Amino acid sequence: MKNQKIFILSGLLPALLLVLAFTYYPFLKGIIMAFQDYKLFDLRHIRFVGFDNFKDAFHDPKFFTALKNSGYWVFFSLIFQFLFGLALALLLKKPFRGRGIFQGFAFYSWALSGFLIGMIWKWMFNSQIGVINDLLLRIGIIHERIGFLSNPKWAMTSVIIANVWYGIAFFAIMLLAALQSVPSELYEAADMDGATGVRKLWNVTLPYILPTIIATTLLRAIWIFNDPTIIYGLTNGGPAGSTHILSSLMLDKIIYAGDYGAASAIGVIMIVLLLLYTIFFLTVTKAEKVGDF
Amino acid sequence: MTNRKKVSALLLCGALSAGLLAGCGSKNDSSNESADGGQVTLRMIESLTSPKRTTLIQASIDKFEAANPDIKVELISPPFDQADNKIRTMLGAKEDIDVLEVRDLTVSEFVNNGFIEPLNEYADKWSDYSTVSAISKSLGSVGDKLYFVPNGLYERQLFYRADWFKEQNLTPPKTWDELFETAKKLTDPSKNRYGFSFRGGAGANGTTDAMVLAFNGDNVNLEDSMFTKDGKTVFSTPEAKAAIELYQKLYKEASPPDSVNWGFQEQVQAFTSGVTGMLLQDPDVIQSLQEKMAEGTWATAPLQAGPTGKALLAAGGAGWGIAAESKHKEAAWKLISFLSSPAENTEFSKAYGLIPIHTSASEDEFFKTGPYKTLLDMTNAPDTFLNFKPPFEYPGTGQWGQVEMESGQALLLGQASLDDTLKKWDSYWADQKANLKK
């Protein structure tokens with residue numbers, strides 16, 4: 001019996017070591033750094049500074065812009081990714097000629113890296129030589145070029161558009177899988193009751209795939225919140241810091257300022273926010289008795 | 001489960017765990033290699049990466065390896081945006097790096113942290129060192145110690161659309177005011193044509209610094225260029241205000257609105273694709289201009305002067321240094337002296353579009369004609385083109401670009417006032433000086 005326990009423990013050891021080394025150690029180290037003056041270009045003067053990094057963050061107007069932007073970024077990206085993803089999944093569920101090819105095309109954005117997507121959209125949004133302005137001008141929708149990335153009023157909308165495009169494929173894949181598992185008898189029964197397309201969607205399809213919807217939106221919200229790559233490739237947080245979200249601001253502190261302390265403080269604040277969001281989300285879905293968590 | 005099976009399973013787990021741990025720490029790999037068979041592996045990391053440049057450097061390395069069969073070189077080329085931080089992180093973690101690309105912007109920071117080795121001892125014994133130009137030596141030095149041997153010099157000049165200028169009977173502008181006037185004449189938004197290829201994104205400080213320095217003119221302390229001769233920062237003077245006022249006009253009236261966010265690539269692309277008529281850049285763009293634009297459509301002119309007729313000019317660059325923690329310093333130097341030899345350096349400079357580091361090489365016809373000629377003309381007119389020493393001894397120099405970019409964008413977008421912006425820049429450099437004295 002004792003031998004068996006040792007055996008089980010030793011079998012778990014490699015996984016445990018991996019998790020310790022790659023998850024908990026960096027996590028703890030990050031929390032410690034948040035309370036240190038830890039600058040890459042001045043490694044000889046690392047010291048504990050208490051809550052200074054947090055105070056600095058809360059006194060930085062850029063932090064509040066990034067906080068507000070994070071809200072917009074997650075909310076709008078998630079809603080539109082979901083809606084377009086669902087529409088695409090419904091479209092791809094029906095058999096039609098060339099569906100396989102179309103499916104491949106529809107999902108390819110998901111295979112690209114966020115940074116690359118940022119770079120691609122940066123050129124497309126370019127007001128002088130970008131294809132989007134050119135297209136809108138030719139169609140006659142606009143008469144003057146729009147500075148999508150240079151006008152702070154447009155910049156956040158533009159990065160969200162790029163992010164929506166990126167994430168549609170994820171929802172489409174997940175929802176398509178769920179849609180394909182809906183038993184056809186349910187639709188047959190709905191047909192017998194004389195239900196129309198919209199009604200079937202509302203009363204059969206959506207309730208059936210609700211657990212998938214909840215799981216994917218929870219996951220995706222966290223990913224969107226954490227992912228700075230598109231913003232980084234697209235605007236670098238500019239102009240004048242107007243498109244920073246918390247995660248891109250954190251990266252900015254590392255890449256340009258080499259300030260690991262300030263970046264870690266933002267990281268800790270992000271963890272707290274995510275924790276609050278997850279608790280809220282799980283409470284709501286539990287109350288609805290639909291979540292399988 | 002039999003006992004034997006249990007034991008072997010346990011052994012397997014143990015071996016796997018040990019393997020994992022060994023995989024985490026690869027610090028001693030290359031020192032082991034040197035022990036067996038005398039073969040040395042040098043790990044070399046570059047900073048100013050681009051696919052073309054990496055290919056050129058790799059070609060030189062191949063030649064070096066062929067001539068030195070006992071030395072192998074492993075070249076690491078991180079993406080340009082992340083390269084310096086990758087280098088910082090690797091040096092900070094004491095990872096195996098032997099040769100690294102040090103930049104004018106990063107050298108004092110690396111020296112401060114004790115990351116890099118002084119090279120004087122090696123250079124004194126190097127026969128080719130006598131022809132390395134004074135400016136290259138000064139670029140690679142902090143105080144009286146040499147820390148890197150530059151692999152080429154960058155110097156800014158004006159590139160302009162010769163055909164557009166001819167159409168409107170314009171001549172290349174000699175001063176910043178003329179540059180603005182000329183740019184305005186070339187601007188016609190209805191044709192999507194703008195006078196100036198503005199750069200408000202990464203690297204924006206290249207323009208603001210050049211303008212502020214030119215406007216301060218003779219008053220700038222050439223040895224400590226962010227300060228005037230009486231010790232104030234160059235951003236505190238009325239001349240600086242006039243310079244930045246013109247800078248704002250240049251953006252608002254003669255540049256594409258989008259350019260507030262443009263970095264190097266967009267700025268150059270706008271010029272080559274016929275959106276903008278004038279571009280201020282280093283000679284490393286010459287090649288892409290030659291590739292993308294028809295001959296005769298563009299030409300070069302010297303950098304613009306301020307109201308007092310002086311333009312301030314500095315050569316920038318990066319080069320090869322040796323990590324303080326390297327275990328193969330002799331071999332590392334061997335590689336560096338090979339890459340920096342007149343033959344290799346001249347070939348690299350020609351292929352990539354840089355000014356070579358050896359005085360002997362600039363005698364080459366290649367650099368006396370065409371787009372490079374302006375650079376030599378500027379060097380030959382030291383009364384107009386004052387050579388200044390960039391503020392590389394301040395550890396904050398590396399962060400300046402980011403500080404300037406963000407506040408500069410806020411200024412151009414009307415989110416901050418001119419006075420506040422200048423105050424911010426003034427106090428940044430005053431702080432740098434105060435911290436250096438501590």
# chains A, B, ... in the order shown; residues from 1 in each chain; ligands from 1
call {"tool": "interface_residues", "arguments": {"of": "chain B", "to": "chain A", "cutoff": "8 Å", "atoms": "only C-alpha atoms", "output": "PyMOL selection string"}}
result
chain B and resi 6+10+13-14+16-17+20+82+85+88-89+92+109-110+112-113+192+201+256-261+270+273+275+395+399+402+405-410
call {"tool": "write_last_selection", "arguments": {"atoms": "C-alpha atoms", "output": "PDB file, in the first residue's frame"}}
result
ATOM      1  CA  LYS B   6       7.849  -0.981 -10.331  1.00  0.00           C
ATOM      2  CA  LEU B  10      10.508   4.428 -10.937  1.00  0.00           C
ATOM      3  CA  CYS B  13      10.317   8.589 -13.914  1.00  0.00           C
ATOM      4  CA  GLY B  14      13.551   9.575 -12.250  1.00  0.00           C
ATOM      5  CA  LEU B  16      12.599  11.809 -17.090  1.00  0.00           C
ATOM      6  CA  SER B  17      12.657  14.260 -14.206  1.00  0.00           C
ATOM      7  CA  LEU B  20      13.686  17.856 -17.581  1.00  0.00           C
ATOM      8  CA  GLN B  82      12.525  42.705 -29.315  1.00  0.00           C
ATOM      9  CA  ASN B  85      15.433  43.313 -24.685  1.00  0.00           C
ATOM     10  CA  ARG B  88      19.357  42.465 -21.949  1.00  0.00           C
ATOM     11  CA  THR B  89      17.458  39.500 -20.588  1.00  0.00           C
ATOM     12  CA  GLY B  92      20.970  39.590 -17.065  1.00  0.00           C
ATOM     13  CA  GLU B 109      23.512  50.819 -19.987  1.00  0.00           C
ATOM     14  CA  PHE B 110      25.408  47.570 -20.670  1.00  0.00           C
ATOM     15  CA  ASN B 112      26.678  50.214 -16.182  1.00  0.00           C
ATOM     16  CA  ASN B 113      25.385  46.725 -15.582  1.00  0.00           C
ATOM     17  CA  ASN B 192      -2.880  61.966 -51.921  1.00  0.00           C
ATOM     18  CA  GLY B 201       5.737  56.725 -34.244  1.00  0.00           C
ATOM     19  CA  PRO B 256      -0.010  62.714 -44.181  1.00  0.00           C
ATOM     20  CA  PRO B 257      -2.342  62.822 -41.138  1.00  0.00           C
ATOM     21  CA  ASP B 258      -1.727  59.134 -40.557  1.00  0.00           C
ATOM     22  CA  SER B 259       1.992  59.696 -40.135  1.00  0.00           C
ATOM     23  CA  VAL B 260       1.576  60.642 -36.487  1.00  0.00           C
ATOM     24  CA  ASN B 261       1.810  56.893 -35.907  1.00  0.00           C
ATOM     25  CA  ALA B 270       5.179  56.304 -48.255  1.00  0.00           C
ATOM     26  CA  SER B 273       5.106  54.521 -53.230  1.00  0.00           C
ATOM     27  CA  VAL B 275       2.752  59.544 -51.394  1.00  0.00           C
ATOM     28  CA  PRO B 395      21.546  55.378 -19.215  1.00  0.00           C
ATOM     29  CA  GLN B 399      14.214  55.203 -23.121  1.00  0.00           C
ATOM     30  CA  GLN B 402       9.618  56.214 -26.161  1.00  0.00           C
ATOM     31  CA  MET B 405       7.237  59.582 -29.050  1.00  0.00           C
ATOM     32  CA  GLU B 406       4.326  59.461 -26.625  1.00  0.00           C
ATOM     33  CA  SER B 407       4.456  63.078 -25.530  1.00  0.00           C
ATOM     34  CA  GLY B 408       5.148  64.168 -29.118  1.00  0.00           C
ATOM     35  CA  GLN B 409       2.049  62.340 -30.353  1.00  0.00           C
ATOM     36  CA  ALA B 410      -0.042  63.911 -27.604  1.00  0.00           C
TER      37      ALA B 410
END
call {"tool": "residues_around", "arguments": {"residues": "Asp144 in chain B", "least_positions_apart": "2", "cutoff": "12 Å", "atoms": "only C-alpha atoms", "output": "PyMOL selection string"}}
result
chain B and resi 118-120+137-142+146-147+393
call {"tool": "atom_distance", "arguments": {"atom1": "CA of Val212 in chain B", "atom2": "CA of Val268 in chain B"}}
result
22.8 Å
call {"tool": "residues_around", "arguments": {"residues": "range 61-69 of chain A", "least_positions_apart": "4", "cutoff": "8 Å", "atoms": "only C-alpha atoms", "output": "PyMOL selection string"}}
result
chain A and resi 57+73+156+241-246+249
call {"tool": "write_last_selection", "arguments": {"atoms": "C-alpha atoms", "output": "PDB file, in the first residue's frame"}}
result
ATOM      1  CA  ALA A  57       0.110  52.875 -11.820  1.00  0.00           C
ATOM      2  CA  TRP A  73     -11.812  45.791 -26.046  1.00  0.00           C
ATOM      3  CA  MET A 156      -9.622  51.887 -30.715  1.00  0.00           C
ATOM      4  CA  GLY A 241      -1.157  55.753 -25.731  1.00  0.00           C
ATOM      5  CA  SER A 242      -4.808  55.902 -26.818  1.00  0.00           C
ATOM      6  CA  THR A 243      -5.123  52.224 -27.808  1.00  0.00           C
ATOM      7  CA  HIS A 244      -3.355  50.617 -24.895  1.00  0.00           C
ATOM      8  CA  ILE A 245      -5.175  47.923 -22.993  1.00  0.00           C
ATOM      9  CA  LEU A 246      -3.780  46.695 -19.680  1.00  0.00           C
ATOM     10  CA  LEU A 249       0.613  48.615 -21.378  1.00  0.00           C
TER      11      LEU A 249
END
call {"tool": "residues_around", "arguments": {"residues": "range 301-315 of chain B", "least_positions_apart": "3", "cutoff": "8 Å", "atoms": "only C-alpha atoms", "output": "number ranges by chain"}}
result
B: 135, 139, 153-160, 172-177, 179, 210-211, 213-218, 280, 374-375, 377-378, 383-390
call {"tool": "atom_distance", "arguments": {"atom1": "CA of Ser70 in chain A", "atom2": "CA of Phe107 in chain A"}}
result
25.5 Å
call {"tool": "residues_around", "arguments": {"residues": "Ile209 in chain A", "least_positions_apart": "5", "cutoff": "9 Å", "atoms": "only C-alpha atoms", "output": "JSON, numbers by chain"}}
result
{"A": [175, 178, 179, 181, 182, 204, 214]}
call {"tool": "write_last_selection", "arguments": {"atoms": "all heavy atoms", "output": "PDB file, in the first residue's frame"}}
result
ATOM      1  N   LEU A 175     -18.553  26.534 -31.966  1.00  0.00           N
ATOM      2  CA  LEU A 175     -20.005  26.466 -32.081  1.00  0.00           C
ATOM      3  C   LEU A 175     -20.429  25.459 -33.154  1.00  0.00           C
ATOM      4  O   LEU A 175     -21.446  24.781 -33.000  1.00  0.00           O
ATOM      5  CB  LEU A 175     -20.583  27.857 -32.381  1.00  0.00           C
ATOM      6  CG  LEU A 175     -20.359  28.872 -31.253  1.00  0.00           C
ATOM      7  CD1 LEU A 175     -20.889  30.236 -31.653  1.00  0.00           C
ATOM      8  CD2 LEU A 175     -21.023  28.422 -29.953  1.00  0.00           C
ATOM      9  N   ALA A 178     -20.486  22.166 -31.581  1.00  0.00           N
ATOM     10  CA  ALA A 178     -21.665  22.015 -30.728  1.00  0.00           C
ATOM     11  C   ALA A 178     -22.923  21.832 -31.574  1.00  0.00           C
ATOM     12  O   ALA A 178     -23.779  20.997 -31.273  1.00  0.00           O
ATOM     13  CB  ALA A 178     -21.797  23.233 -29.826  1.00  0.00           C
ATOM     14  N   LEU A 179     -23.022  22.596 -32.660  1.00  0.00           N
ATOM     15  CA  LEU A 179     -24.208  22.526 -33.519  1.00  0.00           C
ATOM     16  C   LEU A 179     -24.373  21.132 -34.122  1.00  0.00           C
ATOM     17  O   LEU A 179     -25.488  20.624 -34.257  1.00  0.00           O
ATOM     18  CB  LEU A 179     -24.100  23.553 -34.650  1.00  0.00           C
ATOM     19  CG  LEU A 179     -24.330  25.011 -34.285  1.00  0.00           C
ATOM     20  CD1 LEU A 179     -24.091  25.902 -35.488  1.00  0.00           C
ATOM     21  CD2 LEU A 179     -25.746  25.213 -33.774  1.00  0.00           C
ATOM     22  N   SER A 181     -23.708  18.498 -32.817  1.00  0.00           N
ATOM     23  CA  SER A 181     -24.108  17.484 -31.841  1.00  0.00           C
ATOM     24  C   SER A 181     -25.583  17.597 -31.465  1.00  0.00           C
ATOM     25  O   SER A 181     -26.097  16.809 -30.694  1.00  0.00           O
ATOM     26  CB  SER A 181     -23.240  17.609 -30.592  1.00  0.00           C
ATOM     27  OG  SER A 181     -23.592  18.793 -29.907  1.00  0.00           O
ATOM     28  N   VAL A 182     -26.257  18.612 -32.012  1.00  0.00           N
ATOM     29  CA  VAL A 182     -27.687  18.728 -31.688  1.00  0.00           C
ATOM     30  C   VAL A 182     -28.432  17.588 -32.396  1.00  0.00           C
ATOM     31  O   VAL A 182     -28.333  17.456 -33.616  1.00  0.00           O
ATOM     32  CB  VAL A 182     -28.259  20.092 -32.164  1.00  0.00           C
ATOM     33  CG1 VAL A 182     -29.716  20.227 -31.754  1.00  0.00           C
ATOM     34  CG2 VAL A 182     -27.441  21.243 -31.599  1.00  0.00           C
ATOM     35  N   VAL A 204     -34.563  25.636 -29.863  1.00  0.00           N
ATOM     36  CA  VAL A 204     -33.889  24.329 -29.881  1.00  0.00           C
ATOM     37  C   VAL A 204     -32.373  24.486 -29.882  1.00  0.00           C
ATOM     38  O   VAL A 204     -31.695  24.063 -28.945  1.00  0.00           O
ATOM     39  CB  VAL A 204     -34.319  23.505 -31.122  1.00  0.00           C
ATOM     40  CG1 VAL A 204     -33.606  22.159 -31.127  1.00  0.00           C
ATOM     41  CG2 VAL A 204     -35.818  23.326 -31.147  1.00  0.00           C
ATOM     42  N   ILE A 214     -21.341  29.268 -23.041  1.00  0.00           N
ATOM     43  CA  ILE A 214     -20.845  29.822 -21.778  1.00  0.00           C
ATOM     44  C   ILE A 214     -19.354  29.531 -21.606  1.00  0.00           C
ATOM     45  O   ILE A 214     -18.564  30.426 -21.287  1.00  0.00           O
ATOM     46  CB  ILE A 214     -21.661  29.266 -20.597  1.00  0.00           C
ATOM     47  CG1 ILE A 214     -23.047  29.903 -20.626  1.00  0.00           C
ATOM     48  CG2 ILE A 214     -20.968  29.558 -19.273  1.00  0.00           C
ATOM     49  CD1 ILE A 214     -24.013  29.266 -19.686  1.00  0.00           C
TER      50      ILE A 214
END
call {"tool": "select_by_dssp", "arguments": {"residues": "range 19-183 of chain B", "states": "strand (DSSP E)", "output": "ChimeraX atom specification"}}
result
/B:40-45,71-76,99-103,141-142,145-146,149-154,157-161
call {"tool": "write_last_selection", "arguments": {"atoms": "N, CA and C atoms", "output": "compact mmCIF listing (two decimals), in the first residue's frame"}}
result
# COMPACT_ATOMS: atom_id res chain seq x y z
N VAL B 40 35.35 25.12 -30.37
CA VAL B 40 34.67 26.15 -29.59
C VAL B 40 33.41 26.58 -30.34
N THR B 41 32.30 26.70 -29.59
CA THR B 41 31.11 27.24 -30.21
C THR B 41 30.86 28.62 -29.65
N LEU B 42 30.85 29.61 -30.50
CA LEU B 42 30.56 30.98 -30.07
C LEU B 42 29.09 31.24 -30.29
N ARG B 43 28.47 31.83 -29.27
CA ARG B 43 27.08 32.24 -29.46
C ARG B 43 27.07 33.75 -29.68
N MET B 44 26.44 34.15 -30.78
CA MET B 44 26.49 35.55 -31.19
C MET B 44 25.07 36.04 -31.41
N ILE B 45 24.75 37.22 -30.89
CA ILE B 45 23.39 37.72 -31.05
C ILE B 45 23.42 39.10 -31.69
N ILE B 71 36.47 26.83 -34.73
CA ILE B 71 35.45 27.71 -34.12
C ILE B 71 34.15 27.63 -34.91
N LYS B 72 33.08 27.38 -34.16
CA LYS B 72 31.76 27.35 -34.79
C LYS B 72 30.99 28.56 -34.25
N VAL B 73 30.19 29.19 -35.10
CA VAL B 73 29.45 30.35 -34.63
C VAL B 73 27.95 30.11 -34.78
N GLU B 74 27.26 30.33 -33.68
CA GLU B 74 25.80 30.16 -33.71
C GLU B 74 25.19 31.55 -33.64
N LEU B 75 24.56 31.98 -34.73
CA LEU B 75 24.02 33.35 -34.79
C LEU B 75 22.56 33.38 -34.34
N ILE B 76 22.27 34.24 -33.39
CA ILE B 76 20.89 34.39 -32.91
C ILE B 76 20.37 35.73 -33.42
N VAL B 99 29.53 36.88 -28.34
CA VAL B 99 29.60 38.11 -29.11
C VAL B 99 28.20 38.71 -29.19
N LEU B 100 28.10 40.00 -28.96
CA LEU B 100 26.77 40.60 -29.04
C LEU B 100 26.84 41.93 -29.76
N GLU B 101 25.72 42.29 -30.37
CA GLU B 101 25.68 43.57 -31.05
C GLU B 101 25.27 44.64 -30.04
N VAL B 102 26.18 45.56 -29.79
CA VAL B 102 25.93 46.65 -28.86
C VAL B 102 25.57 47.87 -29.69
N ARG B 103 24.60 48.64 -29.23
CA ARG B 103 24.22 49.83 -29.99
C ARG B 103 24.69 51.08 -29.27
N SER B 141 33.04 53.79 -27.78
CA SER B 141 33.69 53.97 -26.49
C SER B 141 32.77 54.61 -25.45
N VAL B 142 33.01 54.25 -24.21
CA VAL B 142 32.42 54.96 -23.08
C VAL B 142 33.62 55.39 -22.24
N LYS B 145 37.38 53.87 -22.71
CA LYS B 145 37.43 52.45 -23.03
C LYS B 145 36.56 52.10 -24.23
N LEU B 146 37.10 51.24 -25.08
CA LEU B 146 36.35 50.80 -26.25
C LEU B 146 35.51 49.58 -25.85
N VAL B 149 33.21 47.38 -31.56
CA VAL B 149 33.75 47.84 -32.84
C VAL B 149 32.56 48.00 -33.78
N PRO B 150 32.24 49.23 -34.19
CA PRO B 150 31.05 49.43 -35.03
C PRO B 150 31.14 48.61 -36.32
N ASN B 151 29.96 48.21 -36.82
CA ASN B 151 29.98 47.47 -38.09
C ASN B 151 29.52 48.35 -39.25
N GLY B 152 29.41 49.64 -39.01
CA GLY B 152 29.03 50.58 -40.06
C GLY B 152 28.43 51.81 -39.41
N LEU B 153 28.47 52.93 -40.11
CA LEU B 153 27.93 54.16 -39.51
C LEU B 153 26.67 54.59 -40.23
N TYR B 154 25.76 55.14 -39.46
CA TYR B 154 24.52 55.69 -40.01
C TYR B 154 24.60 57.20 -39.88
N GLN B 157 20.48 62.04 -43.92
CA GLN B 157 20.47 63.01 -45.00
C GLN B 157 19.05 63.09 -45.59
N LEU B 158 18.87 64.04 -46.52
CA LEU B 158 17.54 64.20 -47.12
C LEU B 158 17.46 63.43 -48.43
N PHE B 159 16.41 62.67 -48.58
CA PHE B 159 16.11 62.03 -49.86
C PHE B 159 14.89 62.77 -50.42
N TYR B 160 14.92 63.16 -51.68
CA TYR B 160 13.76 63.89 -52.20
C TYR B 160 13.41 63.42 -53.61
N ARG B 161 12.15 63.71 -53.99
CA ARG B 161 11.67 63.32 -55.32
C ARG B 161 12.17 64.33 -56.34
call {"tool": "residues_around", "arguments": {"residues": "range 63-68 of chain B", "least_positions_apart": "6", "cutoff": "12 Å", "atoms": "only C-alpha atoms", "output": "PyMOL selection string"}}
result
chain B and resi 38-42+56-57+74+331-332+334-341+344
call {"tool": "write_last_selection", "arguments": {"atoms": "N, CA and C atoms", "output": "PDB file, in the first residue's frame"}}
result
ATOM      1  N   GLY B  38      38.648  20.413 -28.605  1.00  0.00           N
ATOM      2  CA  GLY B  38      39.158  21.748 -28.874  1.00  0.00           C
ATOM      3  C   GLY B  38      38.233  22.607 -29.719  1.00  0.00           C
ATOM      4  N   GLN B  39      37.061  22.073 -30.057  1.00  0.00           N
ATOM      5  CA  GLN B  39      36.131  22.873 -30.849  1.00  0.00           C
ATOM      6  C   GLN B  39      35.395  23.865 -29.948  1.00  0.00           C
ATOM      7  N   VAL B  40      35.350  25.121 -30.368  1.00  0.00           N
ATOM      8  CA  VAL B  40      34.667  26.145 -29.586  1.00  0.00           C
ATOM      9  C   VAL B  40      33.409  26.576 -30.337  1.00  0.00           C
ATOM     10  N   THR B  41      32.304  26.696 -29.594  1.00  0.00           N
ATOM     11  CA  THR B  41      31.108  27.241 -30.214  1.00  0.00           C
ATOM     12  C   THR B  41      30.857  28.620 -29.649  1.00  0.00           C
ATOM     13  N   LEU B  42      30.851  29.607 -30.501  1.00  0.00           N
ATOM     14  CA  LEU B  42      30.564  30.975 -30.071  1.00  0.00           C
ATOM     15  C   LEU B  42      29.087  31.242 -30.288  1.00  0.00           C
ATOM     16  N   LEU B  56      23.540  38.634 -44.796  1.00  0.00           N
ATOM     17  CA  LEU B  56      24.885  39.165 -45.046  1.00  0.00           C
ATOM     18  C   LEU B  56      25.845  38.776 -43.920  1.00  0.00           C
ATOM     19  N   ILE B  57      25.370  38.914 -42.687  1.00  0.00           N
ATOM     20  CA  ILE B  57      26.238  38.578 -41.552  1.00  0.00           C
ATOM     21  C   ILE B  57      26.551  37.085 -41.552  1.00  0.00           C
ATOM     22  N   GLU B  74      27.256  30.326 -33.675  1.00  0.00           N
ATOM     23  CA  GLU B  74      25.799  30.156 -33.709  1.00  0.00           C
ATOM     24  C   GLU B  74      25.193  31.548 -33.640  1.00  0.00           C
ATOM     25  N   ALA B 331      38.514  33.697 -28.766  1.00  0.00           N
ATOM     26  CA  ALA B 331      37.841  33.285 -30.001  1.00  0.00           C
ATOM     27  C   ALA B 331      36.848  34.355 -30.439  1.00  0.00           C
ATOM     28  N   ALA B 332      36.170  34.959 -29.446  1.00  0.00           N
ATOM     29  CA  ALA B 332      35.189  36.005 -29.759  1.00  0.00           C
ATOM     30  C   ALA B 332      35.891  37.182 -30.441  1.00  0.00           C
ATOM     31  N   LYS B 334      38.617  37.068 -32.123  1.00  0.00           N
ATOM     32  CA  LYS B 334      39.036  36.608 -33.449  1.00  0.00           C
ATOM     33  C   LYS B 334      37.904  36.840 -34.463  1.00  0.00           C
ATOM     34  N   LEU B 335      36.691  36.499 -34.031  1.00  0.00           N
ATOM     35  CA  LEU B 335      35.529  36.686 -34.900  1.00  0.00           C
ATOM     36  C   LEU B 335      35.291  38.171 -35.168  1.00  0.00           C
ATOM     37  N   ILE B 336      35.353  38.967 -34.096  1.00  0.00           N
ATOM     38  CA  ILE B 336      35.082  40.397 -34.241  1.00  0.00           C
ATOM     39  C   ILE B 336      36.109  41.049 -35.165  1.00  0.00           C
ATOM     40  N   SER B 337      37.396  40.692 -34.977  1.00  0.00           N
ATOM     41  CA  SER B 337      38.407  41.344 -35.813  1.00  0.00           C
ATOM     42  C   SER B 337      38.276  40.895 -37.268  1.00  0.00           C
ATOM     43  N   PHE B 338      37.760  39.671 -37.460  1.00  0.00           N
ATOM     44  CA  PHE B 338      37.514  39.223 -38.830  1.00  0.00           C
ATOM     45  C   PHE B 338      36.381  40.027 -39.466  1.00  0.00           C
ATOM     46  N   LEU B 339      35.255  40.123 -38.736  1.00  0.00           N
ATOM     47  CA  LEU B 339      34.092  40.849 -39.280  1.00  0.00           C
ATOM     48  C   LEU B 339      34.411  42.329 -39.491  1.00  0.00           C
ATOM     49  N   SER B 340      35.324  42.864 -38.668  1.00  0.00           N
ATOM     50  CA  SER B 340      35.621  44.296 -38.733  1.00  0.00           C
ATOM     51  C   SER B 340      36.802  44.617 -39.644  1.00  0.00           C
ATOM     52  N   SER B 341      37.373  43.615 -40.270  1.00  0.00           N
ATOM     53  CA  SER B 341      38.515  43.865 -41.142  1.00  0.00           C
ATOM     54  C   SER B 341      38.080  44.740 -42.313  1.00  0.00           C
ATOM     55  N   GLU B 344      36.006  42.799 -45.051  1.00  0.00           N
ATOM     56  CA  GLU B 344      34.654  42.365 -44.668  1.00  0.00           C
ATOM     57  C   GLU B 344      33.744  43.566 -44.420  1.00  0.00           C
TER      58      GLU B 344
END
call {"tool": "residues_around", "arguments": {"residues": "Phe76 in chain A", "least_positions_apart": "6", "cutoff": "10 Å", "atoms": "only C-alpha atoms", "output": "count of residues only"}}
result
6
call {"tool": "atom_distance", "arguments": {"atom1": "CA of Ser248 in chain A", "atom2": "CA of Pro228 in chain A"}}
result
4.6 Å
